[in-house]
$ cat run_26.pdb   # PDB, C-alpha atoms, pLDDT in the B column
MODEL        1
ATOM      1  CA  GLN A   1      -9.050 -50.102  16.378  1.00 93.00           C
ATOM      2  CA  VAL A   2     -11.891 -51.421  14.255  1.00 96.00           C
ATOM      3  CA  HIS A   3     -11.472 -51.246  10.491  1.00 97.00           C
ATOM      4  CA  LEU A   4     -13.942 -52.272   7.812  1.00 98.00           C
ATOM      5  CA  VAL A   5     -12.827 -52.474   4.200  1.00 97.00           C
ATOM      6  CA  GLU A   6     -15.363 -53.019   1.411  1.00 97.00           C
ATOM      7  CA  SER A   7     -14.597 -54.355  -2.032  1.00 97.00           C
ATOM      8  CA  GLY A   8     -16.394 -55.730  -5.037  1.00 98.00           C
ATOM      9  CA  GLY A   9     -18.280 -52.726  -6.325  1.00 97.00           C
ATOM     10  CA  GLY A  10     -18.293 -51.697  -9.946  1.00 97.00           C
ATOM     11  CA  LEU A  11     -20.334 -51.088 -13.061  1.00 98.00           C
ATOM     12  CA  VAL A  12     -22.796 -53.734 -14.191  1.00 98.00           C
ATOM     13  CA  GLN A  13     -25.698 -53.897 -16.597  1.00 98.00           C
ATOM     14  CA  ALA A  14     -29.246 -54.300 -15.379  1.00 98.00           C
ATOM     15  CA  GLY A  15     -29.975 -57.931 -14.639  1.00 98.00           C
ATOM     16  CA  GLY A  16     -26.377 -58.626 -13.713  1.00 98.00           C
ATOM     17  CA  SER A  17     -24.770 -59.639 -10.452  1.00 98.00           C
ATOM     18  CA  LEU A  18     -22.114 -58.393  -8.075  1.00 98.00           C
ATOM     19  CA  ARG A  19     -20.703 -59.702  -4.835  1.00 98.00           C
ATOM     20  CA  LEU A  20     -19.582 -57.227  -2.216  1.00 98.00           C
ATOM     21  CA  SER A  21     -17.134 -58.177   0.505  1.00 98.00           C
ATOM     22  CA  CYS A  22     -16.284 -56.493   3.778  1.00 98.00           C
ATOM     23  CA  ALA A  23     -13.192 -57.484   5.706  1.00 98.00           C
ATOM     24  CA  ALA A  24     -13.116 -56.562   9.383  1.00 98.00           C
ATOM     25  CA  SER A  25     -10.192 -56.186  11.729  1.00 98.00           C
ATOM     26  CA  GLY A  26      -9.563 -54.925  15.234  1.00 97.00           C
ATOM     27  CA  MET A  27     -12.483 -56.749  16.821  1.00 97.00           C
ATOM     28  CA  ILE A  28     -13.817 -60.195  17.667  1.00 97.00           C
ATOM     29  CA  PHE A  29     -15.838 -60.556  14.500  1.00 97.00           C
ATOM     30  CA  SER A  30     -18.121 -63.312  15.776  1.00 97.00           C
ATOM     31  CA  PHE A  31     -19.393 -60.885  18.439  1.00 97.00           C
ATOM     32  CA  ALA A  32     -20.491 -58.251  15.910  1.00 98.00           C
ATOM     33  CA  ALA A  33     -23.800 -57.802  14.170  1.00 98.00           C
ATOM     34  CA  MET A  34     -23.095 -56.819  10.575  1.00 98.00           C
ATOM     35  CA  GLY A  35     -25.008 -54.970   7.934  1.00 98.00           C
ATOM     36  CA  TRP A  36     -24.913 -53.452   4.482  1.00 98.00           C
ATOM     37  CA  TYR A  37     -26.307 -49.992   3.879  1.00 98.00           C
ATOM     38  CA  ARG A  38     -26.475 -47.892   0.759  1.00 98.00           C
ATOM     39  CA  GLN A  39     -26.777 -44.244  -0.091  1.00 98.00           C
ATOM     40  CA  ALA A  40     -27.851 -42.956  -3.464  1.00 96.00           C
ATOM     41  CA  PRO A  41     -27.237 -39.343  -4.543  1.00 92.00           C
ATOM     42  CA  GLY A  42     -29.653 -37.002  -2.817  1.00 94.00           C
ATOM     43  CA  LYS A  43     -31.075 -39.748  -0.623  1.00 96.00           C
ATOM     44  CA  GLN A  44     -30.595 -40.869   2.948  1.00 97.00           C
ATOM     45  CA  ARG A  45     -28.512 -43.872   3.835  1.00 97.00           C
ATOM     46  CA  GLU A  46     -30.717 -46.954   4.136  1.00 98.00           C
ATOM     47  CA  LEU A  47     -30.350 -50.462   5.464  1.00 98.00           C
ATOM     48  CA  VAL A  48     -30.082 -53.058   2.715  1.00 98.00           C
ATOM     49  CA  ALA A  49     -29.456 -56.219   4.730  1.00 98.00           C
ATOM     50  CA  GLY A  50     -28.352 -57.256   8.195  1.00 98.00           C
ATOM     51  CA  ILE A  51     -27.054 -60.402   9.822  1.00 98.00           C
ATOM     52  CA  THR A  52     -26.925 -61.052  13.529  1.00 98.00           C
ATOM     53  CA  VAL A  53     -24.285 -62.782  15.603  1.00 98.00           C
ATOM     54  CA  GLY A  54     -26.417 -65.900  15.417  1.00 96.00           C
ATOM     55  CA  GLY A  55     -26.815 -65.706  11.651  1.00 97.00           C
ATOM     56  CA  SER A  56     -30.367 -64.397  11.418  1.00 98.00           C
ATOM     57  CA  THR A  57     -30.895 -62.116   8.447  1.00 98.00           C
ATOM     58  CA  ASN A  58     -33.192 -59.293   7.458  1.00 98.00           C
ATOM     59  CA  TYR A  59     -33.604 -57.387   4.207  1.00 98.00           C
ATOM     60  CA  ALA A  60     -35.114 -54.223   2.867  1.00 98.00           C
ATOM     61  CA  ASP A  61     -38.296 -54.991   0.953  1.00 98.00           C
ATOM     62  CA  SER A  62     -36.744 -53.615  -2.228  1.00 97.00           C
ATOM     63  CA  VAL A  63     -34.016 -56.266  -2.292  1.00 98.00           C
ATOM     64  CA  LYS A  64     -35.786 -59.337  -0.907  1.00 98.00           C
ATOM     65  CA  GLY A  65     -35.342 -62.307  -3.184  1.00 98.00           C
ATOM     66  CA  ARG A  66     -32.475 -60.645  -5.062  1.00 98.00           C
ATOM     67  CA  PHE A  67     -29.792 -59.986  -2.439  1.00 98.00           C
ATOM     68  CA  THR A  68     -28.260 -62.390   0.077  1.00 98.00           C
ATOM     69  CA  ILE A  69     -26.132 -61.440   3.054  1.00 98.00           C
ATOM     70  CA  SER A  70     -23.761 -63.946   4.617  1.00 98.00           C
ATOM     71  CA  ARG A  71     -20.846 -64.005   7.003  1.00 98.00           C
ATOM     72  CA  ASP A  72     -17.702 -66.066   7.474  1.00 98.00           C
ATOM     73  CA  ASN A  73     -16.487 -65.682  11.025  1.00 98.00           C
ATOM     74  CA  ALA A  74     -13.273 -67.568  10.268  1.00 98.00           C
ATOM     75  CA  LYS A  75     -12.398 -64.902   7.699  1.00 98.00           C
ATOM     76  CA  SER A  76     -13.856 -61.972   9.668  1.00 98.00           C
ATOM     77  CA  SER A  77     -15.863 -61.091   6.601  1.00 98.00           C
ATOM     78  CA  VAL A  78     -19.392 -60.336   5.554  1.00 98.00           C
ATOM     79  CA  TYR A  79     -20.698 -60.572   2.000  1.00 98.00           C
ATOM     80  CA  LEU A  80     -23.574 -59.259  -0.043  1.00 98.00           C
ATOM     81  CA  GLN A  81     -24.512 -61.260  -3.118  1.00 98.00           C
ATOM     82  CA  MET A  82     -26.568 -59.043  -5.397  1.00 98.00           C
ATOM     83  CA  ASN A  83     -28.486 -60.614  -8.275  1.00 98.00           C
ATOM     84  CA  SER A  84     -30.957 -59.212 -10.786  1.00 98.00           C
ATOM     85  CA  LEU A  85     -29.544 -55.764 -10.257  1.00 98.00           C
ATOM     86  CA  GLU A  86     -31.653 -52.783 -11.240  1.00 97.00           C
ATOM     87  CA  PRO A  87     -30.673 -49.172 -12.009  1.00 97.00           C
ATOM     88  CA  GLU A  88     -32.387 -48.239  -8.733  1.00 97.00           C
ATOM     89  CA  ASP A  89     -29.716 -50.220  -6.881  1.00 98.00           C
ATOM     90  CA  THR A  90     -27.100 -47.676  -7.920  1.00 98.00           C
ATOM     91  CA  ALA A  91     -25.521 -46.264  -4.768  1.00 98.00           C
ATOM     92  CA  VAL A  92     -22.494 -46.273  -2.537  1.00 98.00           C
ATOM     93  CA  TYR A  93     -22.676 -49.396  -0.402  1.00 98.00           C
ATOM     94  CA  TYR A  94     -21.340 -49.297   3.140  1.00 98.00           C
ATOM     95  CA  CYS A  95     -20.459 -52.076   5.525  1.00 98.00           C
ATOM     96  CA  ASN A  96     -21.557 -51.573   9.129  1.00 98.00           C
ATOM     97  CA  ALA A  97     -20.577 -53.340  12.328  1.00 98.00           C
ATOM     98  CA  GLU A  98     -22.394 -53.090  15.626  1.00 97.00           C
ATOM     99  CA  TYR A  99     -19.815 -54.118  18.198  1.00 96.00           C
ATOM    100  CA  VAL A 100     -19.721 -53.567  21.938  1.00 95.00           C
ATOM    101  CA  ARG A 101     -22.507 -50.999  21.700  1.00 94.00           C
ATOM    102  CA  ARG A 102     -20.751 -48.950  19.035  1.00 97.00           C
ATOM    103  CA  GLY A 103     -21.287 -48.640  15.344  1.00 97.00           C
ATOM    104  CA  TYR A 104     -18.496 -48.694  12.803  1.00 98.00           C
ATOM    105  CA  TRP A 105     -18.496 -47.931   9.081  1.00 98.00           C
ATOM    106  CA  GLY A 106     -16.365 -48.751   6.113  1.00 98.00           C
ATOM    107  CA  GLN A 107     -15.397 -46.231   3.466  1.00 97.00           C
ATOM    108  CA  GLY A 108     -17.973 -47.471   0.977  1.00 97.00           C
ATOM    109  CA  THR A 109     -17.858 -49.013  -2.468  1.00 98.00           C
ATOM    110  CA  GLN A 110     -19.663 -47.674  -5.530  1.00 98.00           C
ATOM    111  CA  VAL A 111     -22.188 -49.848  -7.328  1.00 98.00           C
ATOM    112  CA  THR A 112     -23.507 -48.529 -10.631  1.00 98.00           C
ATOM    113  CA  VAL A 113     -26.183 -50.379 -12.581  1.00 98.00           C
ATOM    114  CA  SER A 114     -26.732 -49.258 -16.156  1.00 97.00           C
ATOM    115  CA  SER A 115     -30.037 -49.709 -17.936  1.00 93.00           C
TER     116      SER A 115
ENDMDL
END

$ encode --input "run_26.pdb" --output "structure tokens"
Amino acid sequence: QVHLVESGGGLVQAGGSLRLSCAASGMIFSFAAMGWYRQAPGKQRELVAGITVGGSTNYADSVKGRFTISRDNAKSSVYLQMNSLEPEDTAVYYCNAEYVRRGYWGQGTQVTVSS
């Protein structure tokens, strides 16, 4: 059974940084495409960043140059380094895995950026 567990969220001032982590289990991690999504109150869930099996990355325009996604297959983990955080980045951040034609989600971690 696939499990994704996020950590690293919290409260930070504008301009600050946070690093989110997602630990995966129950799958061959190196075979999974991974992503970070976020959902702000009253808004739809949106893709923040993705990383393929081969390590190619893509980002939402709103976070390009500020956020970096990475993966460590040896630790079955994916990370999201978030710099220059803005109040608009406030949301629940979810880890996503696309594995064997199925999508899996973590429980989410809250990120709050104060102005």

$ residues_around --input "run_26.pdb" --residues "segment 70-73 of chain A" --least-positions-apart "4" --cutoff "10 Å" --atoms "only C-alpha atoms" --output "list in words"
Ser21, Cys22, Ala23, Ala24, Ile28, Phe29, Ser30, Phe31, Ala32, Ala33, Met34, Gly35, Ala49, Gly50, Ile51, Thr52, Val53, Gly55, Ser56, Thr57, Ser77, Val78, Tyr79, Leu80 and Gln81 of chain A

$ residues_around --input "run_26.pdb" --residues "Ser84 of chain A" --least-positions-apart "5" --cutoff "9 Å" --atoms "only C-alpha atoms" --output "list in words"
Ala14, Gly15, Gly16, Ser17, Arg66 and Phe67 of chain A

$ closest_residue --input "run_26.pdb" --among "A:Lys43, A:Arg102, A:His3, A:Arg19" --to "Glu88 of chain A" --atoms "only C-alpha atoms"
A:Lys43

$ resolve_selection --input "run_26.pdb" --expression "the PyMOL selection byres ((chain A and resi 11) around 12)" --output "list in words"
Gly8, Gly9, Gly10, Val12, Gln13, Ala14, Gly15, Gly16, Ser17, Leu18, Arg19, Leu85, Glu86, Pro87, Asp89, Thr90, Ala91, Val92, Thr109, Gln110, Val111, Thr112, Val113, Ser114 and Ser115 of chain A

$ write_last_selection --input "run_26.pdb" --atoms "C-alpha atoms" --output "CSV table (one decimal), keeping the file's coordinate frame"
chain,number,residue,atom,x,y,z
A,8,GLY,CA,-16.4,-55.7,-5.0
A,9,GLY,CA,-18.3,-52.7,-6.3
A,10,GLY,CA,-18.3,-51.7,-9.9
A,12,VAL,CA,-22.8,-53.7,-14.2
A,13,GLN,CA,-25.7,-53.9,-16.6
A,14,ALA,CA,-29.2,-54.3,-15.4
A,15,GLY,CA,-30.0,-57.9,-14.6
A,16,GLY,CA,-26.4,-58.6,-13.7
A,17,SER,CA,-24.8,-59.6,-10.5
A,18,LEU,CA,-22.1,-58.4,-8.1
A,19,ARG,CA,-20.7,-59.7,-4.8
A,85,LEU,CA,-29.5,-55.8,-10.3
A,86,GLU,CA,-31.7,-52.8,-11.2
A,87,PRO,CA,-30.7,-49.2,-12.0
A,89,ASP,CA,-29.7,-50.2,-6.9
A,90,THR,CA,-27.1,-47.7,-7.9
A,91,ALA,CA,-25.5,-46.3,-4.8
A,92,VAL,CA,-22.5,-46.3,-2.5
A,109,THR,CA,-17.9,-49.0,-2.5
A,110,GLN,CA,-19.7,-47.7,-5.5
A,111,VAL,CA,-22.2,-49.8,-7.3
A,112,THR,CA,-23.5,-48.5,-10.6
A,113,VAL,CA,-26.2,-50.4,-12.6
A,114,SER,CA,-26.7,-49.3,-16.2
A,115,SER,CA,-30.0,-49.7,-17.9

$ closest_residue --input "run_26.pdb" --among "A:Val100, A:Cys95, A:Ala74, A:Leu4" --to "Arg45 of chain A" --atoms "only C-alpha atoms"
A:Cys95

$ atom_distance --input "run_26.pdb" --atom1 "atom CA of Val2 of chain A" --atom2 "atom CA of Tyr104 of chain A"
7.3 Å

$ build_atoms --input "run_26.pdb" --residues "segment 26-37 of chain A" --atoms "all heavy atoms" --output "mmCIF file, in the frame of the given file"
data_model
loop_
_atom_site.group_PDB
_atom_site.id
_atom_site.type_symbol
_atom_site.label_atom_id
_atom_site.label_comp_id
_atom_site.auth_asym_id
_atom_site.auth_seq_id
_atom_site.Cartn_x
_atom_site.Cartn_y
_atom_site.Cartn_z
ATOM 1 N N GLY A 26 -9.551 -55.703 14.004
ATOM 2 C CA GLY A 26 -9.563 -54.925 15.234
ATOM 3 C C GLY A 26 -10.702 -55.243 16.176
ATOM 4 O O GLY A 26 -10.964 -54.474 17.113
ATOM 5 N N MET A 27 -11.379 -56.361 15.950
ATOM 6 C CA MET A 27 -12.483 -56.749 16.821
ATOM 7 C C MET A 27 -12.656 -58.265 16.756
ATOM 8 O O MET A 27 -12.098 -58.933 15.895
ATOM 9 C CB MET A 27 -13.784 -56.071 16.386
ATOM 10 C CG MET A 27 -14.281 -56.460 15.015
ATOM 11 S SD MET A 27 -15.860 -55.635 14.646
ATOM 12 C CE MET A 27 -16.231 -56.322 13.049
ATOM 13 N N ILE A 28 -13.452 -58.775 17.704
ATOM 14 C CA ILE A 28 -13.817 -60.195 17.667
ATOM 15 C C ILE A 28 -15.039 -60.293 16.768
ATOM 16 O O ILE A 28 -16.168 -60.020 17.194
ATOM 17 C CB ILE A 28 -14.100 -60.728 19.074
ATOM 18 C CG1 ILE A 28 -12.878 -60.494 19.976
ATOM 19 C CG2 ILE A 28 -14.443 -62.212 19.014
ATOM 20 C CD1 ILE A 28 -13.111 -60.856 21.429
ATOM 21 N N PHE A 29 -14.806 -60.661 15.537
ATOM 22 C CA PHE A 29 -15.838 -60.556 14.500
ATOM 23 C C PHE A 29 -17.101 -61.330 14.866
ATOM 24 O O PHE A 29 -18.214 -60.873 14.599
ATOM 25 C CB PHE A 29 -15.278 -61.061 13.175
ATOM 26 C CG PHE A 29 -16.222 -60.917 12.022
ATOM 27 C CD1 PHE A 29 -16.415 -59.693 11.395
ATOM 28 C CD2 PHE A 29 -16.939 -62.021 11.549
ATOM 29 C CE1 PHE A 29 -17.292 -59.551 10.338
ATOM 30 C CE2 PHE A 29 -17.817 -61.898 10.485
ATOM 31 C CZ PHE A 29 -17.993 -60.657 9.888
ATOM 32 N N SER A 30 -16.953 -62.481 15.469
ATOM 33 C CA SER A 30 -18.121 -63.312 15.776
ATOM 34 C C SER A 30 -19.029 -62.664 16.813
ATOM 35 O O SER A 30 -20.179 -63.108 16.987
ATOM 36 C CB SER A 30 -17.678 -64.692 16.267
ATOM 37 O OG SER A 30 -16.864 -64.568 17.415
ATOM 38 N N PHE A 31 -18.586 -61.602 17.457
ATOM 39 C CA PHE A 31 -19.393 -60.885 18.439
ATOM 40 C C PHE A 31 -20.104 -59.675 17.833
ATOM 41 O O PHE A 31 -20.780 -58.943 18.557
ATOM 42 C CB PHE A 31 -18.520 -60.410 19.601
ATOM 43 C CG PHE A 31 -18.044 -61.500 20.531
ATOM 44 C CD1 PHE A 31 -18.320 -62.831 20.286
ATOM 45 C CD2 PHE A 31 -17.310 -61.188 21.658
ATOM 46 C CE1 PHE A 31 -17.876 -63.831 21.133
ATOM 47 C CE2 PHE A 31 -16.853 -62.170 22.520
ATOM 48 C CZ PHE A 31 -17.126 -63.497 22.258
ATOM 49 N N ALA A 32 -19.948 -59.448 16.546
ATOM 50 C CA ALA A 32 -20.491 -58.251 15.910
ATOM 51 C C ALA A 32 -21.683 -58.578 15.026
ATOM 52 O O ALA A 32 -21.648 -59.534 14.249
ATOM 53 C CB ALA A 32 -19.417 -57.573 15.079
ATOM 54 N N ALA A 33 -22.720 -57.772 15.153
ATOM 55 C CA ALA A 33 -23.800 -57.802 14.170
ATOM 56 C C ALA A 33 -23.348 -56.970 12.973
ATOM 57 O O ALA A 33 -22.778 -55.887 13.149
ATOM 58 C CB ALA A 33 -25.081 -57.225 14.758
ATOM 59 N N MET A 34 -23.607 -57.470 11.786
ATOM 60 C CA MET A 34 -23.095 -56.819 10.575
ATOM 61 C C MET A 34 -24.238 -56.423 9.662
ATOM 62 O O MET A 34 -25.312 -57.043 9.659
ATOM 63 C CB MET A 34 -22.152 -57.763 9.828
ATOM 64 C CG MET A 34 -20.970 -58.256 10.638
ATOM 65 S SD MET A 34 -19.884 -56.921 11.179
ATOM 66 C CE MET A 34 -19.330 -56.274 9.598
ATOM 67 N N GLY A 35 -23.982 -55.406 8.867
ATOM 68 C CA GLY A 35 -25.008 -54.970 7.934
ATOM 69 C C GLY A 35 -24.418 -54.283 6.721
ATOM 70 O O GLY A 35 -23.266 -53.855 6.732
ATOM 71 N N TRP A 36 -25.229 -54.225 5.685
ATOM 72 C CA TRP A 36 -24.913 -53.452 4.482
ATOM 73 C C TRP A 36 -25.950 -52.347 4.348
ATOM 74 O O TRP A 36 -27.156 -52.605 4.447
ATOM 75 C CB TRP A 36 -24.942 -54.331 3.245
ATOM 76 C CG TRP A 36 -23.778 -55.260 3.129
ATOM 77 C CD1 TRP A 36 -23.712 -56.565 3.498
ATOM 78 C CD2 TRP A 36 -22.487 -54.940 2.603
ATOM 79 N NE1 TRP A 36 -22.472 -57.076 3.247
ATOM 80 C CE2 TRP A 36 -21.698 -56.107 2.689
ATOM 81 C CE3 TRP A 36 -21.909 -53.786 2.065
ATOM 82 C CZ2 TRP A 36 -20.376 -56.149 2.252
ATOM 83 C CZ3 TRP A 36 -20.592 -53.824 1.638
ATOM 84 C CH2 TRP A 36 -19.840 -54.997 1.731
ATOM 85 N N TYR A 37 -25.469 -51.153 4.133
ATOM 86 C CA TYR A 37 -26.307 -49.992 3.879
ATOM 87 C C TYR A 37 -25.932 -49.420 2.513
ATOM 88 O O TYR A 37 -24.878 -49.722 1.979
ATOM 89 C CB TYR A 37 -26.077 -48.920 4.948
ATOM 90 C CG TYR A 37 -26.632 -49.247 6.312
ATOM 91 C CD1 TYR A 37 -26.057 -50.228 7.110
ATOM 92 C CD2 TYR A 37 -27.732 -48.551 6.814
ATOM 93 C CE1 TYR A 37 -26.573 -50.528 8.367
ATOM 94 C CE2 TYR A 37 -28.252 -48.839 8.070
ATOM 95 C CZ TYR A 37 -27.664 -49.822 8.838
ATOM 96 O OH TYR A 37 -28.181 -50.102 10.078
#
